[in-house]
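Below: one structure, written as structure tokens.
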Amino acid sequence: MKKSFFYIANWKMYFSHTEALQFVTKYMPGFISLTQQQRTSIIFLPPADTLFPLQILLKETPLLWGAQHVGLLERGACSGQISVLSLRALGCQYALVGHSEHREMLGETDESVARRANLLCSSGITPLVCIGEDSTTYQAGKTLDLLHEQLTPLVNTVSLASSTQQELFICYEPRWAIGKDEAAPQEHIENVLFWLATFFEKHHFTHKPRLIYGGAVSSENSATLKKINGLDGFLLGRAGIDFQEFEKIVHYT
Ligand code: PGA
């Protein structure tokens with residue numbers, strides 16, 4: 001059976017709480033009908049304040065949801081964070097860790113990304129681990145070296161070998177493509193995904209991680225990007241808050 005293709009909408013902080021709920025209420029029938037297309041899974045990643053009402057709205061639907069972040073501790077002195085216990089209670093099946101905006105603005109490190117991912121795995125929530133290089137590294141042809149560096153704490157910390165259920169998503173998002181007009185070239189993404197598959201095989205992960213691409217995915221380039229070997233889905237920023245654009249991305253193959 002062919003695997004599902006994931007469309008993951010990272011709403012970032014684009015919407016206020018009220019706007020987010022208006023958006024999802026307005027377009028829910030449309031999003032649900034998109035999931036009726038073969039092999040299509042849709043995951044919303046709203047800001048933490050919207051998780052509770054979103055859970056009520058989406059509970060009986062095929063739409064999935066998750067968080068944009070998780071606190072480093074299971075509970076305790078961690079002001080301004082959301083705990084893995086709350087994420088579970090809010091029905092999150094997924095949580096993003098290590099988005100480049102967190103790495104740049106909040107000092108997220110490869111080690112803290114690995115710790116957050118491990119915490120999620122031990123709570124049965126699938127981590128969506130973001131990695132990606134900046135433009136200087138890309139231009140110097142050093143992308144794979146940097147990805148190796150970013151992933152090393154993760155493979156040393158997260159042990160999926162003991163679990164038969166737990167999944168892991170690796171979201172490759174070159175920083176120089178996020179929020180820009182052009183996605184990374186198809187061939188570059190293909191090389192990275194091939195390298196990632198080999199890297200995780202070498203580290204004896206029981207489950208092959210699902211490999212996601214993010215960074216300037218739009219209806220203009222999605223049909224081409226979908227042809228990339230080994231690609232399991234898209235992480236969508238701007239296109240994740242524009243239903244018409246999202247719909248085209250899902251439909252165009
Ligand atoms: P973008 O953002 O689709 O707006 O480029 C992607 C992301 O940051 O996940």
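Lettering and numbering for the structure tokens are positional, with chains as A, B, ... in the shown order, residues counted from 1 in each chain, and ligands counted from 1 in the shown order.
Pocket residues of ligand 1, taken as those with any atom at most 8 Å away using only C-alpha atoms and all ligand atoms, are Ala9, Asn10, Lys12, His99, Ser100, Glu101, Glu173, Ala177, Ile178, Gly179, Lys180, Asp181, Ala183, Gly214, Gly215, Ala216, Val217, Ser218, Leu235, Leu236, Gly237, Arg238, Ala239 and Gly240 of chain A.
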Please report, as a tab-separated table (two decimals) with all heavy atoms, in the first residue's frame, each residue of stretch 43-150 of chain A to which DSSP assigns helix (DSSP H, G or I) when run on this structure's backbone.
chain	number	residue	atom	x	y	z
A	48	ALA	N	-0.15	27.61	20.67
A	48	ALA	CA	-0.60	26.83	21.82
A	48	ALA	C	-1.98	27.25	22.33
A	48	ALA	O	-2.78	26.41	22.73
A	48	ALA	CB	0.43	26.95	22.94
A	49	ASP	N	-2.27	28.58	22.26
A	49	ASP	CA	-3.55	29.04	22.82
A	49	ASP	C	-4.76	28.51	22.05
A	49	ASP	O	-5.88	28.56	22.54
A	49	ASP	CB	-3.58	30.58	22.87
A	49	ASP	CG	-3.44	31.23	21.49
A	49	ASP	OD1	-3.45	30.51	20.48
A	49	ASP	OD2	-3.31	32.47	21.45
A	50	THR	N	-4.54	28.02	20.86
A	50	THR	CA	-5.66	27.58	20.02
A	50	THR	C	-5.86	26.06	20.08
A	50	THR	O	-6.80	25.52	19.52
A	50	THR	CB	-5.42	28.09	18.58
A	50	THR	OG1	-5.22	29.50	18.65
A	50	THR	CG2	-6.57	27.83	17.64
A	51	LEU	N	-4.96	25.37	20.77
A	51	LEU	CA	-5.05	23.90	20.76
A	51	LEU	C	-6.34	23.38	21.39
A	51	LEU	O	-6.94	22.43	20.88
A	51	LEU	CB	-3.84	23.29	21.50
A	51	LEU	CG	-2.53	23.31	20.70
A	51	LEU	CD1	-1.36	22.93	21.60
A	51	LEU	CD2	-2.61	22.37	19.50
A	52	PHE	N	-6.76	24.02	22.48
A	52	PHE	CA	-7.95	23.47	23.16
A	52	PHE	C	-9.21	23.58	22.29
A	52	PHE	O	-9.85	22.57	22.01
A	52	PHE	CB	-8.12	24.13	24.54
A	52	PHE	CG	-9.32	23.61	25.25
A	52	PHE	CD1	-9.38	22.28	25.65
A	52	PHE	CD2	-10.41	24.43	25.51
A	52	PHE	CE1	-10.52	21.78	26.29
A	52	PHE	CE2	-11.55	23.94	26.14
A	52	PHE	CZ	-11.60	22.61	26.54
A	53	PRO	N	-9.57	24.79	21.81
A	53	PRO	CA	-10.77	24.85	20.96
A	53	PRO	C	-10.61	24.05	19.66
A	53	PRO	O	-11.59	23.49	19.16
A	53	PRO	CB	-10.96	26.34	20.67
A	53	PRO	CG	-9.70	27.00	21.08
A	53	PRO	CD	-9.02	26.14	22.09
A	54	LEU	N	-9.40	23.97	19.16
A	54	LEU	CA	-9.17	23.21	17.92
A	54	LEU	C	-9.47	21.72	18.14
A	54	LEU	O	-10.07	21.06	17.30
A	54	LEU	CB	-7.73	23.39	17.45
A	54	LEU	CG	-7.52	23.03	15.99
A	54	LEU	CD1	-8.06	24.11	15.08
A	54	LEU	CD2	-6.04	22.84	15.69
A	55	GLN	N	-9.06	21.25	19.29
A	55	GLN	CA	-9.32	19.84	19.61
A	55	GLN	C	-10.83	19.56	19.59
A	55	GLN	O	-11.28	18.55	19.06
A	55	GLN	CB	-8.75	19.53	21.00
A	55	GLN	CG	-9.08	18.14	21.50
A	55	GLN	CD	-8.65	17.94	22.95
A	55	GLN	OE1	-8.63	18.90	23.73
A	55	GLN	NE2	-8.31	16.74	23.30
A	56	ILE	N	-11.62	20.49	20.14
A	56	ILE	CA	-13.07	20.31	20.18
A	56	ILE	C	-13.62	20.29	18.75
A	56	ILE	O	-14.44	19.46	18.39
A	56	ILE	CB	-13.75	21.47	20.98
A	56	ILE	CG1	-13.02	21.71	22.28
A	56	ILE	CG2	-15.26	21.28	21.09
A	56	ILE	CD1	-13.60	21.19	23.52
A	57	LEU	N	-13.11	21.22	17.93
A	57	LEU	CA	-13.63	21.31	16.56
A	57	LEU	C	-13.24	20.11	15.70
A	57	LEU	O	-14.00	19.68	14.85
A	57	LEU	CB	-13.08	22.58	15.88
A	57	LEU	CG	-13.69	23.91	16.31
A	57	LEU	CD1	-12.87	25.07	15.74
A	57	LEU	CD2	-15.12	24.01	15.79
A	58	LEU	N	-12.03	19.59	15.91
A	58	LEU	CA	-11.51	18.58	14.97
A	58	LEU	C	-11.67	17.14	15.43
A	58	LEU	O	-11.39	16.21	14.67
A	58	LEU	CB	-10.02	18.83	14.68
A	58	LEU	CG	-9.64	20.18	14.11
A	58	LEU	CD1	-8.15	20.21	13.75
A	58	LEU	CD2	-10.46	20.52	12.87
A	84	VAL	N	4.59	18.58	27.79
A	84	VAL	CA	4.22	17.40	27.02
A	84	VAL	C	2.93	16.79	27.59
A	84	VAL	O	2.11	16.24	26.85
A	84	VAL	CB	5.42	16.43	26.99
A	84	VAL	CG1	5.60	15.70	28.30
A	84	VAL	CG2	5.35	15.46	25.85
A	85	LEU	N	2.74	16.97	28.91
A	85	LEU	CA	1.52	16.44	29.54
A	85	LEU	C	0.30	17.17	29.00
A	85	LEU	O	-0.73	16.57	28.70
A	85	LEU	CB	1.60	16.62	31.07
A	85	LEU	CG	2.77	15.95	31.77
A	85	LEU	CD1	2.86	16.38	33.23
A	85	LEU	CD2	2.65	14.44	31.66
A	86	SER	N	0.44	18.50	28.84
A	86	SER	CA	-0.68	19.28	28.29
A	86	SER	C	-0.91	18.91	26.83
A	86	SER	O	-2.05	18.79	26.39
A	86	SER	CB	-0.41	20.77	28.39
A	86	SER	OG	-0.33	21.15	29.72
A	87	LEU	N	0.18	18.72	26.10
A	87	LEU	CA	0.01	18.37	24.67
A	87	LEU	C	-0.78	17.08	24.54
A	87	LEU	O	-1.66	16.95	23.69
A	87	LEU	CB	1.36	18.22	23.96
A	87	LEU	CG	2.23	19.48	23.86
A	87	LEU	CD1	3.39	19.25	22.91
A	87	LEU	CD2	1.42	20.69	23.41
A	88	ARG	N	-0.47	16.14	25.40
A	88	ARG	CA	-1.19	14.86	25.36
A	88	ARG	C	-2.66	15.07	25.68
A	88	ARG	O	-3.54	14.55	25.00
A	88	ARG	CB	-0.57	13.87	26.33
A	88	ARG	CG	0.10	12.75	25.57
A	88	ARG	CD	0.32	11.50	26.31
A	88	ARG	NE	0.27	11.59	27.74
A	88	ARG	CZ	1.25	11.17	28.54
A	88	ARG	NH1	2.34	10.68	28.02
A	88	ARG	NH2	1.12	11.25	29.84
A	89	ALA	N	-2.92	15.86	26.73
A	89	ALA	CA	-4.31	16.11	27.13
A	89	ALA	C	-5.07	16.86	26.03
A	89	ALA	O	-6.29	16.75	25.94
A	89	ALA	CB	-4.34	16.89	28.42
A	100	SER	N	13.65	26.65	12.53
A	100	SER	CA	14.77	27.60	12.43
A	100	SER	C	14.46	28.93	13.12
A	100	SER	O	15.36	29.61	13.60
A	100	SER	CB	15.17	27.82	10.98
A	100	SER	OG	14.18	28.54	10.34
A	101	GLU	N	13.17	29.29	13.20
A	101	GLU	CA	12.84	30.53	13.90
A	101	GLU	C	13.15	30.39	15.40
A	101	GLU	O	13.55	31.36	16.04
A	101	GLU	CB	11.36	30.89	13.67
A	101	GLU	CG	11.16	31.43	12.25
A	101	GLU	CD	9.83	31.11	11.62
A	101	GLU	OE1	8.88	30.76	12.33
A	101	GLU	OE2	9.74	31.21	10.37
A	102	HIS	N	12.98	29.20	15.94
A	102	HIS	CA	13.34	28.95	17.34
A	102	HIS	C	14.85	28.92	17.52
A	102	HIS	O	15.39	29.40	18.51
A	102	HIS	CB	12.77	27.60	17.81
A	102	HIS	CG	11.36	27.72	18.30
A	102	HIS	ND1	10.82	26.90	19.23
A	102	HIS	CD2	10.40	28.62	17.99
A	102	HIS	CE1	9.58	27.27	19.47
A	102	HIS	NE2	9.31	28.30	18.72
A	103	ARG	N	15.52	28.33	16.54
A	103	ARG	CA	16.99	28.27	16.63
A	103	ARG	C	17.55	29.70	16.57
A	103	ARG	O	18.45	30.05	17.32
A	103	ARG	CB	17.57	27.43	15.49
A	103	ARG	CG	17.24	25.93	15.60
A	103	ARG	CD	17.77	25.20	14.38
A	103	ARG	NE	17.35	23.81	14.30
A	103	ARG	CZ	18.07	22.76	14.72
A	103	ARG	NH1	19.25	22.94	15.27
A	103	ARG	NH2	17.62	21.53	14.58
A	104	GLU	N	16.97	30.53	15.69
A	104	GLU	CA	17.51	31.88	15.51
A	104	GLU	C	17.06	32.84	16.61
A	104	GLU	O	17.85	33.62	17.12
A	104	GLU	CB	17.05	32.45	14.15
A	104	GLU	CG	18.01	32.10	13.05
A	104	GLU	CD	17.40	32.26	11.67
A	104	GLU	OE1	16.62	33.20	11.45
A	104	GLU	OE2	17.70	31.40	10.81
A	105	MET	N	15.78	32.79	16.97
A	105	MET	CA	15.26	33.82	17.89
A	105	MET	C	15.30	33.40	19.34
A	105	MET	O	15.32	34.24	20.22
A	105	MET	CB	13.81	34.16	17.54
A	105	MET	CG	13.62	34.77	16.19
A	105	MET	SD	11.87	35.14	16.00
A	105	MET	CE	11.67	35.04	14.26
A	110	ASP	N	21.10	22.12	19.01
A	110	ASP	CA	20.89	20.74	18.56
A	110	ASP	C	20.62	19.84	19.77
A	110	ASP	O	19.84	18.90	19.68
A	110	ASP	CB	22.13	20.24	17.81
A	110	ASP	CG	22.42	21.10	16.58
A	110	ASP	OD1	21.45	21.66	16.03
A	110	ASP	OD2	23.60	21.21	16.20
A	111	GLU	N	21.26	20.15	20.89
A	111	GLU	CA	21.08	19.32	22.10
A	111	GLU	C	19.67	19.50	22.67
A	111	GLU	O	19.03	18.53	23.06
A	111	GLU	CB	22.11	19.68	23.18
A	111	GLU	CG	23.52	19.19	22.89
A	111	GLU	CD	24.21	19.93	21.73
A	111	GLU	OE1	23.84	21.10	21.46
A	111	GLU	OE2	25.11	19.34	21.11
A	112	SER	N	19.19	20.75	22.72
A	112	SER	CA	17.84	20.94	23.29
A	112	SER	C	16.78	20.37	22.34
A	112	SER	O	15.76	19.85	22.79
A	112	SER	CB	17.57	22.41	23.65
A	112	SER	OG	17.69	23.24	22.53
A	113	VAL	N	17.04	20.42	21.06
A	113	VAL	CA	16.11	19.82	20.09
A	113	VAL	C	16.01	18.31	20.37
A	113	VAL	O	14.93	17.73	20.42
A	113	VAL	CB	16.59	20.07	18.63
A	113	VAL	CG1	15.81	19.22	17.63
A	113	VAL	CG2	16.47	21.55	18.29
A	114	ALA	N	17.18	17.69	20.58
A	114	ALA	CA	17.20	16.24	20.83
A	114	ALA	C	16.46	15.91	22.13
A	114	ALA	O	15.71	14.93	22.18
A	114	ALA	CB	18.65	15.76	20.91
A	115	ARG	N	16.64	16.74	23.16
A	115	ARG	CA	15.96	16.47	24.44
A	115	ARG	C	14.45	16.61	24.29
A	115	ARG	O	13.68	15.82	24.83
A	115	ARG	CB	16.47	17.43	25.51
A	115	ARG	CG	17.81	16.97	26.10
A	115	ARG	CD	18.32	17.95	27.13
A	115	ARG	NE	17.39	18.14	28.25
A	115	ARG	CZ	17.45	19.17	29.09
A	115	ARG	NH1	18.36	20.10	28.94
A	115	ARG	NH2	16.58	19.28	30.08
A	116	ARG	N	14.03	17.64	23.56
A	116	ARG	CA	12.57	17.82	23.37
A	116	ARG	C	12.00	16.64	22.57
A	116	ARG	O	10.93	16.12	22.89
A	116	ARG	CB	12.28	19.12	22.60
A	116	ARG	CG	12.55	20.37	23.41
A	116	ARG	CD	12.16	21.61	22.59
A	116	ARG	NE	13.02	22.74	22.90
A	116	ARG	CZ	12.91	23.52	23.97
A	116	ARG	NH1	11.96	23.31	24.84
A	116	ARG	NH2	13.76	24.50	24.17
A	117	ALA	N	12.73	16.22	21.54
A	117	ALA	CA	12.24	15.11	20.70
A	117	ALA	C	12.13	13.84	21.54
A	117	ALA	O	11.16	13.09	21.43
A	117	ALA	CB	13.18	14.90	19.52
A	118	ASN	N	13.09	13.64	22.42
A	118	ASN	CA	13.09	12.44	23.26
A	118	ASN	C	11.90	12.45	24.23
A	118	ASN	O	11.24	11.44	24.43
A	118	ASN	CB	14.41	12.37	24.02
A	118	ASN	CG	14.61	11.00	24.61
A	118	ASN	OD1	14.31	10.00	23.97
A	118	ASN	ND2	15.08	10.95	25.84
A	119	LEU	N	11.65	13.64	24.79
A	119	LEU	CA	10.52	13.79	25.71
A	119	LEU	C	9.21	13.45	24.98
A	119	LEU	O	8.34	12.76	25.51
A	119	LEU	CB	10.51	15.23	26.20
A	119	LEU	CG	9.59	15.63	27.33
A	119	LEU	CD1	9.88	14.82	28.58
A	119	LEU	CD2	9.77	17.12	27.63
A	120	LEU	N	9.08	13.95	23.76
A	120	LEU	CA	7.87	13.68	22.99
A	120	LEU	C	7.73	12.19	22.72
A	120	LEU	O	6.66	11.61	22.91
A	120	LEU	CB	7.90	14.45	21.66
A	120	LEU	CG	7.76	15.97	21.78
A	120	LEU	CD1	8.15	16.65	20.48
A	120	LEU	CD2	6.33	16.36	22.17
A	121	CYS	N	8.83	11.57	22.28
A	121	CYS	CA	8.78	10.14	21.95
A	121	CYS	C	8.37	9.34	23.18
A	121	CYS	O	7.55	8.44	23.08
A	121	CYS	CB	10.15	9.63	21.49
A	121	CYS	SG	10.51	10.12	19.83
A	122	SER	N	8.91	9.71	24.35
A	122	SER	CA	8.56	8.90	25.51
A	122	SER	C	7.13	9.15	25.95
A	122	SER	O	6.59	8.40	26.76
A	122	SER	CB	9.57	9.09	26.65
A	122	SER	OG	9.68	10.45	26.91
A	135	SER	N	22.32	30.03	4.16
A	135	SER	CA	22.74	30.16	2.75
A	135	SER	C	24.26	30.06	2.60
A	135	SER	O	24.76	29.51	1.61
A	135	SER	CB	22.21	31.44	2.13
A	135	SER	OG	22.77	32.52	2.75
A	136	THR	N	25.03	30.54	3.59
A	136	THR	CA	26.50	30.46	3.47
A	136	THR	C	26.92	29.00	3.40
A	136	THR	O	27.77	28.61	2.59
A	136	THR	CB	27.17	31.14	4.69
A	136	THR	OG1	26.48	32.35	4.95
A	136	THR	CG2	28.63	31.37	4.50
A	137	THR	N	26.34	28.19	4.27
A	137	THR	CA	26.68	26.77	4.31
A	137	THR	C	26.28	26.10	2.99
A	137	THR	O	27.02	25.29	2.43
A	137	THR	CB	25.95	26.09	5.50
A	137	THR	OG1	26.23	26.86	6.66
A	137	THR	CG2	26.38	24.66	5.70
A	138	TYR	N	25.10	26.47	2.49
A	138	TYR	CA	24.62	25.90	1.23
A	138	TYR	C	25.59	26.25	0.10
A	138	TYR	O	26.01	25.38	-0.68
A	138	TYR	CB	23.22	26.44	0.94
A	138	TYR	CG	22.67	26.09	-0.41
A	138	TYR	CD1	22.41	24.77	-0.76
A	138	TYR	CD2	22.40	27.10	-1.35
A	138	TYR	CE1	21.89	24.45	-2.01
A	138	TYR	CE2	21.88	26.79	-2.60
A	138	TYR	CZ	21.64	25.46	-2.93
A	138	TYR	OH	21.13	25.15	-4.17
A	139	GLN	N	25.93	27.54	0.05
A	139	GLN	CA	26.80	27.97	-1.05
A	139	GLN	C	28.20	27.36	-0.96
A	139	GLN	O	28.84	27.12	-1.98
A	139	GLN	CB	26.89	29.49	-1.10
A	139	GLN	CG	25.86	30.03	-2.08
A	139	GLN	CD	25.25	31.33	-1.66
A	139	GLN	OE1	25.88	32.10	-0.93
A	139	GLN	NE2	24.04	31.59	-2.11
A	143	THR	N	26.21	21.54	3.17
A	143	THR	CA	24.90	21.22	3.76
A	143	THR	C	24.93	19.92	4.56
A	143	THR	O	24.49	19.87	5.71
A	143	THR	CB	23.84	21.10	2.64
A	143	THR	OG1	23.75	22.36	2.00
A	143	THR	CG2	22.48	20.71	3.17
A	144	LEU	N	25.44	18.86	3.96
A	144	LEU	CA	25.37	17.55	4.63
A	144	LEU	C	26.20	17.52	5.91
A	144	LEU	O	25.80	16.88	6.89
A	144	LEU	CB	25.80	16.43	3.67
A	144	LEU	CG	24.94	16.33	2.39
A	144	LEU	CD1	25.42	15.19	1.51
A	144	LEU	CD2	23.46	16.18	2.71
A	145	ASP	N	27.32	18.25	5.91
A	145	ASP	CA	28.13	18.31	7.15
A	145	ASP	C	27.30	18.94	8.27
A	145	ASP	O	27.32	18.48	9.41
A	145	ASP	CB	29.39	19.17	6.95
A	145	ASP	CG	30.31	18.54	5.93
A	145	ASP	OD1	30.25	17.31	5.77
A	145	ASP	OD2	31.07	19.28	5.27
A	146	LEU	N	26.59	20.02	7.92
A	146	LEU	CA	25.81	20.70	8.95
A	146	LEU	C	24.65	19.83	9.42
A	146	LEU	O	24.36	19.75	10.63
A	146	LEU	CB	25.28	22.04	8.43
A	146	LEU	CG	24.68	22.82	9.59
A	146	LEU	CD1	25.73	23.66	10.28
A	146	LEU	CD2	23.53	23.68	9.15
A	147	LEU	N	24.00	19.14	8.49
A	147	LEU	CA	22.87	18.28	8.89
A	147	LEU	C	23.38	17.16	9.80
A	147	LEU	O	22.71	16.78	10.77
A	147	LEU	CB	22.15	17.70	7.66
A	147	LEU	CG	21.54	18.73	6.69
A	147	LEU	CD1	20.75	18.01	5.61
A	147	LEU	CD2	20.65	19.74	7.40
A	148	HIS	N	24.56	16.66	9.50
A	148	HIS	CA	25.15	15.61	10.33
A	148	HIS	C	25.34	16.14	11.75
A	148	HIS	O	24.99	15.48	12.74
A	148	HIS	CB	26.49	15.17	9.71
A	148	HIS	CG	27.08	13.99	10.40
A	148	HIS	ND1	27.81	14.11	11.56
A	148	HIS	CD2	27.04	12.68	10.12
A	148	HIS	CE1	28.18	12.90	11.96
A	148	HIS	NE2	27.73	12.02	11.09
A	149	GLU	N	25.85	17.36	11.84
A	149	GLU	CA	26.06	17.99	13.14
A	149	GLU	C	24.72	18.19	13.88
A	149	GLU	O	24.62	17.93	15.07
A	149	GLU	CB	26.68	19.36	12.87
A	149	GLU	CG	27.51	19.95	13.95
A	149	GLU	CD	28.12	21.25	13.44
A	149	GLU	OE1	28.99	21.21	12.54
A	149	GLU	OE2	27.70	22.30	13.93
A	150	GLN	N	23.71	18.64	13.13
A	150	GLN	CA	22.41	18.90	13.77
A	150	GLN	C	21.75	17.61	14.27
A	150	GLN	O	21.06	17.62	15.29
A	150	GLN	CB	21.47	19.61	12.78
A	150	GLN	CG	21.88	21.04	12.49
A	150	GLN	CD	20.96	21.74	11.50
A	150	GLN	OE1	20.35	21.11	10.65
A	150	GLN	NE2	20.88	23.06	11.61
message = From a backbone DSSP assignment, name each residue in stretch 78-221 of chain A labelled strand (DSSP E or B), as JSON, numbers by chain.
response = {"A": [94, 95, 96, 97, 126, 127, 128, 129, 130, 131, 169, 170, 171, 172, 210, 211, 212, 213, 214]}
Output file for the selection above: C-alpha atoms, as a CSV table (one decimal), in the first residue's frame:
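As a result, again.csv now contains:
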chain,number,residue,atom,x,y,z
A,94,TYR,CA,2.6,15.7,16.7
A,95,ALA,CA,4.9,18.5,17.8
A,96,LEU,CA,7.4,20.6,16.0
A,97,VAL,CA,10.9,20.9,17.4
A,126,THR,CA,5.5,12.2,17.1
A,127,PRO,CA,8.3,14.8,16.9
A,128,LEU,CA,8.5,16.8,13.7
A,129,VAL,CA,12.2,17.6,13.9
A,130,CYS,CA,13.3,20.6,11.8
A,131,ILE,CA,16.8,20.8,10.4
A,169,PHE,CA,9.4,13.0,11.1
A,170,ILE,CA,12.5,14.9,9.8
A,171,CYS,CA,11.6,18.2,8.2
A,172,TYR,CA,14.3,19.4,6.0
A,210,ARG,CA,9.2,10.2,7.3
A,211,LEU,CA,11.0,12.9,5.3
A,212,ILE,CA,9.3,16.2,4.8
A,213,TYR,CA,10.4,19.3,2.9
A,214,GLY,CA,9.6,22.9,3.9
query = Just how far from atom CA of A:Phe44 is atom CA of A:Leu63, in Å to one decimal?
reply =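 Separation of atom CA of A:Leu63 and atom CA of A:Phe44: 7.8 Å.
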request  = Find the residue from A:Gly132, A:Gly98, A:Gly66, A:Gly233 that sits nearest to A:Pro174; use only C-alpha atoms when measuring.
outcome  = A:Gly132
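Shell of A:Phe5 at 7 Å, with only C-alpha atoms counted and residues fewer than 6 places along the chain excluded, is Arg39, Thr40, Ser41, Asp232 and Gly233 of chain A.
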Using only C-alpha atoms: which of A:Thr253, A:Thr224, A:Phe246, A:Pro62 has the shortest distance to A:Glu187 =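 Among the listed residues, the smallest separation from A:Glu187 belongs to A:Thr224.
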